Every structure is written in C-alpha cells, then in structure tokens.
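Participant: Below is the structure I would like to discuss, written out as structure tokens.
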Amino acid sequence: MTEKRLGPQTIRLPSAPSILGIGTVSGRKEYLGPIGKYVDVDADQTKLNLSSWEAEERSMLQRAINTVLTKTKMLESNIDYMLMGDLLNQIVTSSYTARENAIPFIGLYGACSTMALSLSVASMLIDGGFATNVIAATGSHFCTAERQYRYPLEMGVQRTASSQWTATGSAALVLSEHRQGLPSITHVTTGRVVDFGITDANNMGAAMAPAAISTLRAHFDETNRAPEYYDLILTGDLGMYGKSIVADELCDEFNEFSSRYTDCGCELFKGDTSVLAGGSGCGCSALYMGKVIKDFELGNVKRVLFVATGALHNPVLINQKESIPGIAHAVAIERE
C-alpha cells in the first residue's frame, strides 16, 4: 500500500495499464471543428432518425464502444468491466447503453470529470489485478443537457457571455495490462470536492476552476513533479474564463505552467465565437482525448497530465440558491 500511495490524493500504478485504443463519435458541429480529423464517426444528428435527443446520445455512446472494440480487435467477452457515466439523471445514457452489452457494468457520476474518473478507476482495477481489459466511456449531447440543466431549446433563452456549449459526442477507451510503446497511465490523483460559493449555473468555469487548482497542486506536490515534466497539461472543460483563473493562480507558483497548459473546452471549438466561453460536457474532454491519443502515436507528446473537471450541481439545488461544488480528477499518461 505504502509503495503505491504517494500522498492523500495520489497513487502510483506500478504496472502502468496501457490504453489500447479509443473510439470517438461526434455531432456535426464538433466534427466540423478543429478536432474533426481525430473523430472516428460523424453522427450527423439529422440522419440518426431517432425518437429523441436522449436516444441519440445513447446511440453515440454505443457506437463509440463498437468502434473501439473493432479497432482493438476485442470481443465483448474479452472485456472484464465497462465503466461509464454521463450527465443525465440516474446516468440513464450509460445504464441503458450497458443493457445492450453483455459486460459487467460499473456506473460512475463525476459530471464533466467522468472521462478522467473512468480512466482512473479502470487503471486501478487493472493495476490491482482485478481486471485485464476494461472499457472507460462517457458522452454528452447539447440538446439533452440544455433540457435538463437550463431551458428547453424552444424557449430561445439568451445565453450569457460566460455560458459554454455542451459538446455532442462520446468516446470509449480500452485499457489493458501494460504494453510496451503504448500510452499508459502511471499516476492517478483523485480530486476533492471544492466549493468557492459560485451560484451562477451559467458560469461553470468559475465554479470548477478551484477544484482544478486543488488537484493540480496535489498532483505536483505528491508526485514531486513540476509542470515541465509534462509536454501537455490539459484541463477538461473550464472554458476561457475558468482557464484564465487556473493560469493566473498557478503561473505565479510554477514558471513553466503556462507554456504547457490548455483546456479542452477552449480547444474543441477554437475559433467558433458562437460557443461563447467554450465547450463543456462529458463529451468535451472525451472527444479531445482522440487528439491526445493520436499525438502519442505520432510522437508529438510523451507525457500528458489530463485533469477533467466537473460541476456537481443539480437544477433543484440551483433553484434553491445553493452553491456549485466542483471536482477534478487527474491521470498521468506516459509513453516510453
């Protein structure tokens, strides 16, 4: 236990479970953006012909799973566990998708941090000897998230400058025992819930940024690593305002932080002003992982610190004027 636990929040994974592959499915807006060339399937929503946006979200998650199984030449029977979560009540997207697959299912809820959370738990299962192959998957849909967390699209409510655009897309990764030359998860830093009293549900970046700062500090302190150890430090979906909070806070502590740091929410729709403060949702960091894995394959990066962020709020509590707790989980991904 002592050789694996480096501190209160961080563990080292001696076996370094590897990422065998990733399958990604995106909506049209995401596909036409900067990450489109890294997406496996363009799920043009007008052609899905399904009965609801929720059905579309489930379809994309299933297609991501099918895609990664095909790419890694795996069968359902090869997978020991499937770890999934999403943004909808009772994680119904994940649960209803799981019923279509004959794989033991562990449902997770970390809001938009679910990609890192599922990778964390999957890698711990493998490192602990409880599994050989695990799927980690998540996704989101702009229309389902708007309906649940904000207002029906038909109302045409004016969006604020700090609002973010929930990504429509899904990603599924297969993790397995260590393979030489593949990106592997070496460390996990599990986040603490942090609440700085933000009550504006249209300013998720500000609500989540303190959690990202807390997790980053814990990771650097407990691993005894500096930001320059990594080629890329990537937060999940803070958007332009949340990213600026993190950068302003940590650049004073770490000289090399700003040159290595970016946010998936800022990159996913880069150049598209219609998304206002940037991208968000489980699908935001999940889709961007497609680019990260490709960069590993091309040798553009060797060490990445992936810190997905989540706002653990609920529409009922927002209406009761409760503040918004944030969470951030970090995984260190490295390739020899």
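Residues are referred to by chain and number: the chain letter is A, B, ... according to the order shown in the structure tokens, the number counts from 1 in that chain, and ligands are numbered separately from 1 in the order shown.
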Please give the complete set of residues from region 50-299 of chain A that DSSP, run on the backbone, assigns to strand (DSSP E), formatted as a CSV table (one decimal) with C-alpha atoms, in the first residue's frame.
Facilitator:
chain,number,residue,atom,x,y,z
A,81,TYR,CA,-15.7,-4.3,-16.8
A,82,MET,CA,-17.3,-1.4,-18.5
A,83,LEU,CA,-17.1,1.9,-16.6
A,84,MET,CA,-19.4,4.7,-17.9
A,85,GLY,CA,-21.2,7.8,-16.8
A,105,PHE,CA,-21.1,-2.5,-15.7
A,106,ILE,CA,-19.9,0.0,-13.1
A,107,GLY,CA,-21.8,3.3,-13.4
A,133,ASN,CA,-9.3,-5.4,-20.1
A,134,VAL,CA,-11.6,-2.5,-19.1
A,135,ILE,CA,-13.7,-0.1,-21.2
A,136,ALA,CA,-13.9,3.5,-19.9
A,137,ALA,CA,-16.5,5.6,-21.7
A,138,THR,CA,-18.6,8.7,-21.5
A,139,GLY,CA,-20.5,11.2,-23.6
A,140,SER,CA,-22.9,14.1,-23.7
A,165,TRP,CA,-21.6,24.8,-25.2
A,166,THR,CA,-22.2,21.2,-24.2
A,169,GLY,CA,-20.1,13.4,-28.7
A,170,SER,CA,-18.9,10.2,-27.0
A,171,ALA,CA,-15.6,8.4,-26.5
A,172,ALA,CA,-14.8,4.9,-25.3
A,173,LEU,CA,-11.3,3.7,-24.5
A,174,VAL,CA,-10.0,0.1,-23.9
A,175,LEU,CA,-7.4,-0.2,-21.1
A,176,SER,CA,-5.4,-3.3,-20.6
A,184,SER,CA,0.0,4.2,-20.2
A,185,ILE,CA,-1.5,5.5,-17.0
A,186,THR,CA,1.2,5.8,-14.4
A,187,HIS,CA,-0.4,8.0,-11.7
A,188,VAL,CA,-3.9,8.9,-10.5
A,189,THR,CA,-4.7,12.0,-8.4
A,232,LEU,CA,0.9,18.9,-22.1
A,233,ILE,CA,-1.3,19.8,-19.1
A,234,LEU,CA,-4.9,19.6,-20.1
A,235,THR,CA,-8.0,20.5,-18.0
A,261,TYR,CA,-1.3,24.3,-20.2
A,262,THR,CA,-4.5,24.4,-22.2
A,263,ASP,CA,-8.1,23.4,-21.7
A,279,GLY,CA,-17.0,23.8,-24.9
A,280,SER,CA,-18.2,21.7,-21.9
Participant: List as a list in words the protein and nucleic acid residues near Thr223 (chain A), meaning an atom at most 8 Å away when only C-alpha atoms are counted, but skip any in the same chain fewer than 4 places from it.
Facilitator: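 Final neighbour list, sorted by chain and number: Leu6, Thr10 and His219 of chain A.
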Participant: Write the selection just made, keeping N, CA and C atoms, as a PDB file, in the first residue's frame?
Facilitator:
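So result_33.pdb came out as:
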ATOM      1  N   LEU A   6       1.225   7.787  -2.751  1.00  0.00           N
ATOM      2  CA  LEU A   6       2.250   8.813  -2.622  1.00  0.00           C
ATOM      3  C   LEU A   6       1.830   9.936  -1.693  1.00  0.00           C
ATOM      4  N   THR A  10      -2.925  10.999  -4.246  1.00  0.00           N
ATOM      5  CA  THR A  10      -2.233  10.456  -5.425  1.00  0.00           C
ATOM      6  C   THR A  10      -1.721   9.047  -5.190  1.00  0.00           C
ATOM      7  N   HIS A 219      -1.275  17.031  -7.155  1.00  0.00           N
ATOM      8  CA  HIS A 219      -0.502  16.144  -8.027  1.00  0.00           C
ATOM      9  C   HIS A 219       0.973  16.537  -8.044  1.00  0.00           C
TER      10      HIS A 219
END
Participant: Contacts of Ser77 (chain A) at 9 Å or less, counting only C-alpha atoms, minus same-chain residues fewer than 3 places along, as a PDB file with C-alpha atoms, in the first residue's frame?
Facilitator:
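around24.pdb, written as the output of this step:
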ATOM      1  CA  MET A  74     -11.684  -7.127 -28.904  1.00  0.00           C
ATOM      2  CA  ASP A  80     -13.959  -7.595 -17.725  1.00  0.00           C
ATOM      3  CA  ALA A 102     -23.032  -8.403 -22.066  1.00  0.00           C
ATOM      4  CA  ILE A 103     -20.293  -6.800 -19.968  1.00  0.00           C
TER       5      ILE A 103
END
Participant: If you measure from CA of Arg99 (chain A) to CA of Ser52 (chain A), what distance in Å do you get, rounded to one decimal?
Facilitator: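 Going from CA of Arg99 (chain A) over to CA of Ser52 (chain A) covers 18.4 Å.
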Participant: Taking into account only C-alpha atoms, which residue in the set A:Asn66, A:Ser59, A:Thr114, A:Asn101 is nearest to Gly236 (chain A)?
Facilitator: A:Thr114
Participant: One decimal, Å: what's the distance from CA of Ala211 (chain A) over to CA of Asp231 (chain A), could you say?
Facilitator: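 CA of Ala211 (chain A) sits 21.8 Å away from CA of Asp231 (chain A).
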Participant: DSSP on the backbone: which residues in region 89-303 of chain A end up as alpha helix (DSSP H)? Give the answer as a PyMOL selection string.
Facilitator: chain A and resi 92-98+114-127+142-149+204-223+239-251+257-260+264-268+282-298
Participant: I need the residue nearest Glu222 (chain A) from this list: A:Ser244, A:Asn202, A:Thr190, A:Ser123. Use only C-alpha atoms for the distance.
Facilitator: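 Of A:Ser244, A:Asn202, A:Thr190, A:Ser123, the one nearest Glu222 (chain A) is A:Thr190, counting only C-alpha atoms.
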Participant: Find, counting only C-alpha atoms, the residue in A:Asn319, A:Ser113, A:Thr160, A:Asn224 that gets nearest to Asp237 (chain A).
Facilitator: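 Among the listed residues, the smallest separation from Asp237 (chain A) belongs to A:Ser113.
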Participant: Smallest atom-to-atom distance to Pro325 (chain A): which of A:Pro17, A:Gly110, A:Gly36, A:Pro8, using only C-alpha atoms?
Facilitator: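 The answer is A:Gly110, which sits nearest to Pro325 (chain A).
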Participant: Find the residues around Ile91 (chain A) up to 8 Å (only C-alpha atoms counted), leave out those fewer than 4 positions away in its own chain, and share them as a list in words.
Facilitator: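 In the requested format, the answer is Gly85, Asp86, Leu87, Ser95, Gly107, Leu108 and Tyr109 of chain A.
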Participant: Selected residues, N, CA and C atoms, written as a compact mmCIF listing (two decimals), in the first residue's frame, please.
Facilitator:
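What ended up in out_4.txt:
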# COMPACT_ATOMS: atom_id res chain seq x y z
N GLY A 85 -20.32 6.82 -17.43
CA GLY A 85 -21.16 7.80 -16.76
C GLY A 85 -21.54 8.88 -17.74
N ASP A 86 -22.51 9.71 -17.37
CA ASP A 86 -22.96 10.79 -18.25
C ASP A 86 -23.59 11.88 -17.40
N LEU A 87 -24.27 12.81 -18.03
CA LEU A 87 -24.81 13.97 -17.33
C LEU A 87 -26.28 13.85 -16.95
N SER A 95 -26.56 3.60 -18.36
CA SER A 95 -27.27 2.39 -17.92
C SER A 95 -28.03 1.73 -19.06
N GLY A 107 -21.38 1.93 -13.01
CA GLY A 107 -21.81 3.27 -13.35
C GLY A 107 -21.13 4.31 -12.48
N LEU A 108 -20.70 5.39 -13.10
CA LEU A 108 -19.97 6.45 -12.40
C LEU A 108 -20.65 7.79 -12.64
N TYR A 109 -20.59 8.66 -11.65
CA TYR A 109 -21.04 10.03 -11.88
C TYR A 109 -19.98 11.00 -11.37
